[in-house]
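Here's the structure we're looking at; comments come further down.
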Amino acid sequence: MNSLAPRWRTSLIWAWTAAVVIFMYLPGLCLLLASMTSSRYFIFPITKWGFAWWEKTFASLEIHQLFQTSLLIAFCVTVIAVTIALFGALAFARYDWKGRSIYQKIVLLPIFFPQSVLGLSLLLWFNALGLTMSWQTAVFAHLVWIVPVCTLVISIQVYSFDPALEEAAFDLGATKWQVFREVTLPVLFPGIFSGALFAFLLSWGNFPLSLYTTGADTTIPEYLYAKMVAGYTPGVPVLGTVSTVGAAGLLLVGYAIIVMLRRRRAASDQSEV
Amino acid sequence: MNLAKTIGPGTRHALPILLFLLVGFAAPLLAVIGFSFIPARSFSLWQSWSLGNYIEIFNSTSYLSFLWSLGLAAVTVLILAMICYPIAYGLARVFGKYATLVTLLFTIPLFVSENVRLYGWVLFFIKNGVLLGTLKAWFGIEPESWLFTNGIIVFGMVYVYLPFMLFPMTLGVSMVPDQTRDAAFDLGATRWQVFKEVELPLSMPGIMIGFLLSFVLAVGAIAEAKVLGGQQIIPISHDIEIAFTYAQNWPLGAALSVLLMLVVGTMVLLVLRRFDLDAILGRR
């Protein structure tokens with residue numbers, strides 16, 4: 001903290017940030033409000049409060065199917081993305097090698113790419129290969145965008161990784177696999193964990209890539225979009241609220257786990273010294 | 001194991017992701033380029049190639065969509081820069097131990113599909129919605145809804161792409177060393193001079209990446225104009241989508257995509273080649 005900064009400036013920055021945070025959550029609040037009315041149309045201020053649409057939405061078999069498809073895709077994406085990205089991140093930040101600077105830029109390129117165009121390009125490509133669109137092609141499409149993001153997230157952890165730890169383990173006679181399992185993985189775990197969290201949530205909420213590559217299968221964001229365009233259904237605010245609260249919950253739990261891990265590690269470091 | 005010795009550990013670890021991006025990123029882009037040269041309304045690559053689709057684009061009004069997309073994106077980026085700088089400054093220097101929490105608060109909305117969040121704004125701005133309903137009930141006034149105007153599209157883009165400006169900018173601002181700033185103050189620089197001569201130039205890499213990221217994403221934006229803008233403006237991605245879906249003219253859509261890719265790709269390469277990513281991401 002900069003003690004030289006005058007108090008009024010600090011307060012102003014806090015106030016501005018708070019205002020923008022409220023701005024970020026305002027649409028979520030509107031969804032929540034709209035989901036808690038029992039009338040067919042949304043009229044504010046709400047006169048008839050109720051959870052009728054929540055019950056209806058959760059009883060629907062169609063919604064269960066959507067949840068299953070979205071979960072399946074997000075789960076596969078997470079597992080594959082983290083595996084590829086872990087090695088990608090080591091090449092990104094751990095090793096010094098000749099092509100590294102270009103490699104870093106190549107890996108970042110898909111992140112900077114408009115996703116709707118990426119989705120269409122993948123559709124063309126799958127079509128040229130003669131593949132039928134399904135949840136599997138959607139997993140692949142999500143990976144093209146999520147693997148680079150995941151690599152970047154893990155890389156940030158790898159930057160603070162001390163290679164001397166690995167070398168020490170080698171000197172003590174550990175095999176390659178042992179070093180990877182006993183040193184590299186545990187030290188990088190917080191980064192891998194946040195990478196997995198990012199992968200899961202980004203896949204769960206993705207719309208532009210799913211739109212073109214899921215074929216007959218439908219994910220929750222696709223379903224919501226179809227309903228939005230077709231006219232107002234109170235099921236949309238319900239599902240929207242569920243996905244917002246779900247994402248927030250998962251992220252907060254994940255964050256708590258990372259903080260806990262850091263504390264435990266700090267404590268064990270101290271007891272060793 | 002012979003292979004492992006001839007290529008270094010860096011290359012070896014980079015191989016899976018590079019192979020994946022070859023199949024999943026480079027190949028689809030090549031497919032699009034290929035498709036953009038085949039005759040209109042056909043679906044197979046194996047035929048005579050021509051420039052027909054490009055000629056059709058230059059003779060049509062698609063350039064308007066391009067201009068709209070570029071213009072809206074530029075306005076969005078400028079507004080974002082002004083909104084985000086104080087927050088980035090706060091995250092890097094003022095918030096201290098609360099910085100992680102604030103970052104988290106800005107991260108959570110990223111994981112909710114942007115359609116859903118924009119729909120929340122529809123509920124906010126729509127007639128009898130949260131804003132207008134409140135105004136009517138409390139003050140008895142009924143202004144026109146802002147929905148379906150050009151301004152609301154920029155509003156939506158500012159909202160959706162805010163984190164993409166904020167996070168790189170924060171990385172940039174935290175690259176300014178305290179000593180340099182203090183030294184400038186000690187030498188008698190005013191607050192404004194320190195900002196202009198020290199803080200801004202030293203945090204430029206992060207700021208430029210924030211500009212680039214939010215601009216590129218905003219150029220490819222489609223949902224804001226569709227959900228909030230009521231399709232008053234057709235941005236370029238929407239043109240592309242129409243060509244692929246309703247018009248069933250894949251080659252034309254592919255040609256439009258190639259032009260968009262050229263614009264975006266050139267910008268990304270021009271900006272990225274100037275910066276050392278290691279320094280920005282915090283390599284020790």
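FYI, nothing fancy with the structure tokens labels: chains A, B, ... in order, residues from 1 per chain, ligands from 1 as they appear.
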
| said: Could you list, as a list in words, every residue within 7 Å of segment 131-146 of chain A, counting only C-alpha atoms and ignoring same-chain residues fewer than 3 positions away? | reply: Ile73, Cys76, Val77, Ala81, Pro110, Ile111, Gly119, Leu122, Phe126, Asn127, Val149, Cys150, Ala199, Ser203, Leu209, Ser210, Thr213, Thr214, Gly215, Ala216 and Asp217 of chain A; Leu21, Gly24 and Phe25 of chain B

What lies within 10 Å of Phe198 of chain A using only C-alpha atoms, ignoring chain neighbours under 2 positions off, as an mmCIF file with N, CA and C atoms, in the first residue's frame?
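See around.cif below for the written result:
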data_model
loop_
_atom_site.group_PDB
_atom_site.id
_atom_site.type_symbol
_atom_site.label_atom_id
_atom_site.label_comp_id
_atom_site.auth_asym_id
_atom_site.auth_seq_id
_atom_site.Cartn_x
_atom_site.Cartn_y
_atom_site.Cartn_z
ATOM 1 N N THR A 78 -12.258 -30.516 -19.110
ATOM 2 C CA THR A 78 -11.364 -30.234 -17.987
ATOM 3 C C THR A 78 -10.217 -31.228 -17.940
ATOM 4 N N VAL A 82 -6.432 -29.907 -18.922
ATOM 5 C CA VAL A 82 -5.410 -29.790 -17.880
ATOM 6 C C VAL A 82 -4.188 -30.628 -18.235
ATOM 7 N N ILE A 146 -9.992 -23.438 -24.847
ATOM 8 C CA ILE A 146 -9.749 -23.558 -23.415
ATOM 9 C C ILE A 146 -8.325 -24.038 -23.095
ATOM 10 N N VAL A 149 -6.090 -21.017 -22.735
ATOM 11 C CA VAL A 149 -6.397 -20.275 -21.508
ATOM 12 C C VAL A 149 -5.815 -21.010 -20.303
ATOM 13 N N CYS A 150 -6.051 -22.312 -20.292
ATOM 14 C CA CYS A 150 -5.588 -23.158 -19.193
ATOM 15 C C CYS A 150 -4.048 -23.130 -19.114
ATOM 16 N N VAL A 153 -3.004 -19.922 -17.482
ATOM 17 C CA VAL A 153 -3.273 -19.926 -16.040
ATOM 18 C C VAL A 153 -2.211 -20.744 -15.299
ATOM 19 N N ILE A 192 -2.486 -25.875 -11.217
ATOM 20 C CA ILE A 192 -3.232 -26.893 -11.955
ATOM 21 C C ILE A 192 -4.697 -26.846 -11.547
ATOM 22 N N PHE A 193 -4.912 -26.669 -10.249
ATOM 23 C CA PHE A 193 -6.274 -26.609 -9.740
ATOM 24 C C PHE A 193 -7.023 -25.410 -10.316
ATOM 25 N N SER A 194 -6.391 -24.235 -10.327
ATOM 26 C CA SER A 194 -7.122 -23.093 -10.903
ATOM 27 C C SER A 194 -7.310 -23.282 -12.401
ATOM 28 N N GLY A 195 -6.334 -23.919 -13.059
ATOM 29 C CA GLY A 195 -6.500 -24.214 -14.484
ATOM 30 C C GLY A 195 -7.720 -25.087 -14.714
ATOM 31 N N ALA A 196 -7.883 -26.119 -13.867
ATOM 32 C CA ALA A 196 -9.022 -27.030 -14.002
ATOM 33 C C ALA A 196 -10.333 -26.283 -13.778
ATOM 34 N N PHE A 200 -13.265 -25.940 -16.544
ATOM 35 C CA PHE A 200 -14.620 -26.424 -16.311
ATOM 36 C C PHE A 200 -15.637 -25.306 -16.515
ATOM 37 N N LEU A 201 -15.379 -24.166 -15.876
ATOM 38 C CA LEU A 201 -16.364 -23.084 -15.914
ATOM 39 C C LEU A 201 -16.492 -22.476 -17.305
ATOM 40 N N LEU A 202 -15.358 -22.328 -18.011
ATOM 41 C CA LEU A 202 -15.433 -21.743 -19.349
ATOM 42 C C LEU A 202 -16.178 -22.656 -20.311
ATOM 43 N N SER A 203 -15.996 -23.970 -20.139
ATOM 44 C CA SER A 203 -16.710 -24.903 -20.990
ATOM 45 C C SER A 203 -18.202 -24.900 -20.637
ATOM 46 N N TRP A 204 -18.496 -24.870 -19.353
ATOM 47 C CA TRP A 204 -19.874 -24.866 -18.857
ATOM 48 C C TRP A 204 -20.653 -23.666 -19.408
ATOM 49 N N LEU A 251 -16.483 -21.302 -7.799
ATOM 50 C CA LEU A 251 -15.268 -20.503 -7.776
ATOM 51 C C LEU A 251 -14.859 -20.160 -6.343
ATOM 52 N N THR B 107 -13.927 -11.894 -11.697
ATOM 53 C CA THR B 107 -13.759 -13.112 -12.485
ATOM 54 C C THR B 107 -15.060 -13.897 -12.619
ATOM 55 N N LEU B 110 -17.341 -13.857 -15.665
ATOM 56 C CA LEU B 110 -16.762 -14.414 -16.887
ATOM 57 C C LEU B 110 -17.265 -15.813 -17.179
ATOM 58 N N PHE B 111 -17.660 -16.518 -16.136
ATOM 59 C CA PHE B 111 -17.993 -17.927 -16.320
ATOM 60 C C PHE B 111 -19.471 -18.149 -16.592
#

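Counting only C-alpha atoms and comparing A:Gln270, A:Thr241, A:Ser121, A:Thr151, the residue that lies closest to chain B is A:Ser121.
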
Using only C-alpha atoms, which residues of chain A come within 7 Å of chain B, and what is the closest atom pair for each, with the distance in Å to one decimal? Give it as a Markdown table, sorted by chain and residue number.
| residue | atom | partner | partner_atom | distance |
| --- | --- | --- | --- | --- |
| A:Met1 | CA | B:Val94 | CA | 5.2 |
| A:Asn2 | CA | B:Arg93 | CA | 6.6 |
| A:Thr10 | CA | B:Val94 | CA | 6.8 |
| A:Ile13 | CA | B:Pro86 | CA | 6.1 |
| A:Thr17 | CA | B:Ile87 | CA | 5.7 |
| A:Val21 | CA | B:Phe106 | CA | 6.9 |
| A:Pro27 | CA | B:Gly120 | CA | 4.0 |
| A:Gly28 | CA | B:Gly120 | CA | 6.0 |
| A:Cys30 | CA | B:Gly120 | CA | 5.5 |
| A:Leu31 | CA | B:Gly120 | CA | 5.3 |
| A:Ile43 | CA | B:Asn128 | CA | 5.3 |
| A:Phe44 | CA | B:Gly133 | CA | 4.9 |
| A:Pro45 | CA | B:Gly133 | CA | 6.0 |
| A:Ile84 | CA | B:Ile17 | CA | 5.9 |
| A:Phe87 | CA | B:His13 | CA | 4.9 |
| A:Gly88 | CA | B:Ala14 | CA | 5.1 |
| A:Leu90 | CA | B:His13 | CA | 6.6 |
| A:Ala91 | CA | B:Gly10 | CA | 4.7 |
| A:Tyr95 | CA | B:Gly10 | CA | 5.2 |
| A:Asp96 | CA | B:Gly10 | CA | 6.7 |
| A:Trp97 | CA | B:Gly10 | CA | 5.6 |
| A:Phe112 | CA | B:Leu213 | CA | 6.1 |
| A:Pro114 | CA | B:Gly220 | CA | 4.8 |
| A:Val117 | CA | B:Ser257 | CA | 6.5 |
| A:Ser121 | CA | B:Pro28 | CA | 5.2 |
| A:Leu122 | CA | B:Pro28 | CA | 5.3 |
| A:Leu124 | CA | B:Ala31 | CA | 6.6 |
| A:Trp125 | CA | B:Pro28 | CA | 4.9 |
| A:Val144 | CA | B:Gly24 | CA | 5.8 |
| A:Ile156 | CA | B:Leu281 | CA | 6.6 |
| A:Tyr159 | CA | B:Arg283 | CA | 5.1 |
| A:Ser160 | CA | B:Arg284 | CA | 6.9 |
| A:Leu201 | CA | B:Phe111 | CA | 5.4 |
| A:Leu202 | CA | B:Phe111 | CA | 5.5 |
| A:Gly205 | CA | B:Ser113 | CA | 4.4 |
| A:Asn206 | CA | B:Ser113 | CA | 5.8 |
| A:Phe207 | CA | B:Ser113 | CA | 6.4 |
| A:Pro221 | CA | B:Ser113 | CA | 6.3 |
| A:Tyr225 | CA | B:Asn115 | CA | 6.6 |
| A:Gly240 | CA | B:Val116 | CA | 5.8 |
| A:Ser243 | CA | B:Val112 | CA | 6.5 |
| A:Thr244 | CA | B:Val112 | CA | 5.7 |
| A:Ala247 | CA | B:Phe111 | CA | 6.3 |
| A:Ala248 | CA | B:Ile108 | CA | 5.6 |

| With only C-alpha atoms as the atoms that count, which of A:Tyr25, A:Tyr212, A:Trp53, A:Phe58 lies nearest to Val245 of chain A? |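 Among A:Tyr25, A:Tyr212, A:Trp53, A:Phe58, it is A:Tyr25 that comes nearest to Val245 of chain A.
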
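With only C-alpha atoms as the atoms that count, the minimum distance from Gln248 of chain B to the choices B:Leu262, B:Phe139, B:Thr170, B:Ser42 is reached by B:Ser42.
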
Would you list the contacts of Leu185 of chain A as a PDB file with C-alpha atoms, in the first residue's frame, taking every protein, DNA or RNA residue within 12 Å and counting only C-alpha atoms, but skipping same-chain residues closer than 5 positions in sequence?
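So the final result, stored in around-v2.pdb, reads:
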ATOM      1  CA  THR A  83      -3.294 -32.692 -19.150  1.00  0.00           C
ATOM      2  CA  LEU A  86       0.331 -28.774 -17.858  1.00  0.00           C
ATOM      3  CA  PHE A  87       3.010 -29.787 -20.353  1.00  0.00           C
ATOM      4  CA  LEU A  90       6.143 -26.155 -18.557  1.00  0.00           C
ATOM      5  CA  ILE A 154      -0.921 -22.783 -15.137  1.00  0.00           C
ATOM      6  CA  GLN A 157       2.193 -20.697 -11.327  1.00  0.00           C
ATOM      7  CA  VAL A 158       5.100 -22.249 -13.239  1.00  0.00           C
ATOM      8  CA  PHE A 161       8.487 -22.561  -9.702  1.00  0.00           C
ATOM      9  CA  LEU A 165      13.721 -28.428  -6.404  1.00  0.00           C
ATOM     10  CA  GLU A 166      13.621 -30.868  -9.321  1.00  0.00           C
ATOM     11  CA  TRP A 177       8.488 -40.208 -12.940  1.00  0.00           C
ATOM     12  CA  GLN A 178       9.145 -39.891  -9.183  1.00  0.00           C
ATOM     13  CA  VAL A 179      10.319 -36.306  -9.588  1.00  0.00           C
ATOM     14  CA  PHE A 180       7.256 -35.461 -11.635  1.00  0.00           C
ATOM     15  CA  PRO A 190      -2.547 -24.662  -6.960  1.00  0.00           C
ATOM     16  CA  GLY A 191      -1.955 -23.597 -10.577  1.00  0.00           C
ATOM     17  CA  ILE A 192      -3.232 -26.893 -11.955  1.00  0.00           C
ATOM     18  CA  PHE A 193      -6.274 -26.609  -9.740  1.00  0.00           C
TER      19      PHE A 193
END

| task | Select, from A:Gly235, A:Leu118, A:Arg263, A:Ala169, the residue with the minimum atom-to-atom distance to Arg181 of chain A, counting only C-alpha atoms. | result |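 Result for the nearest residue to Arg181 of chain A: A:Ala169.
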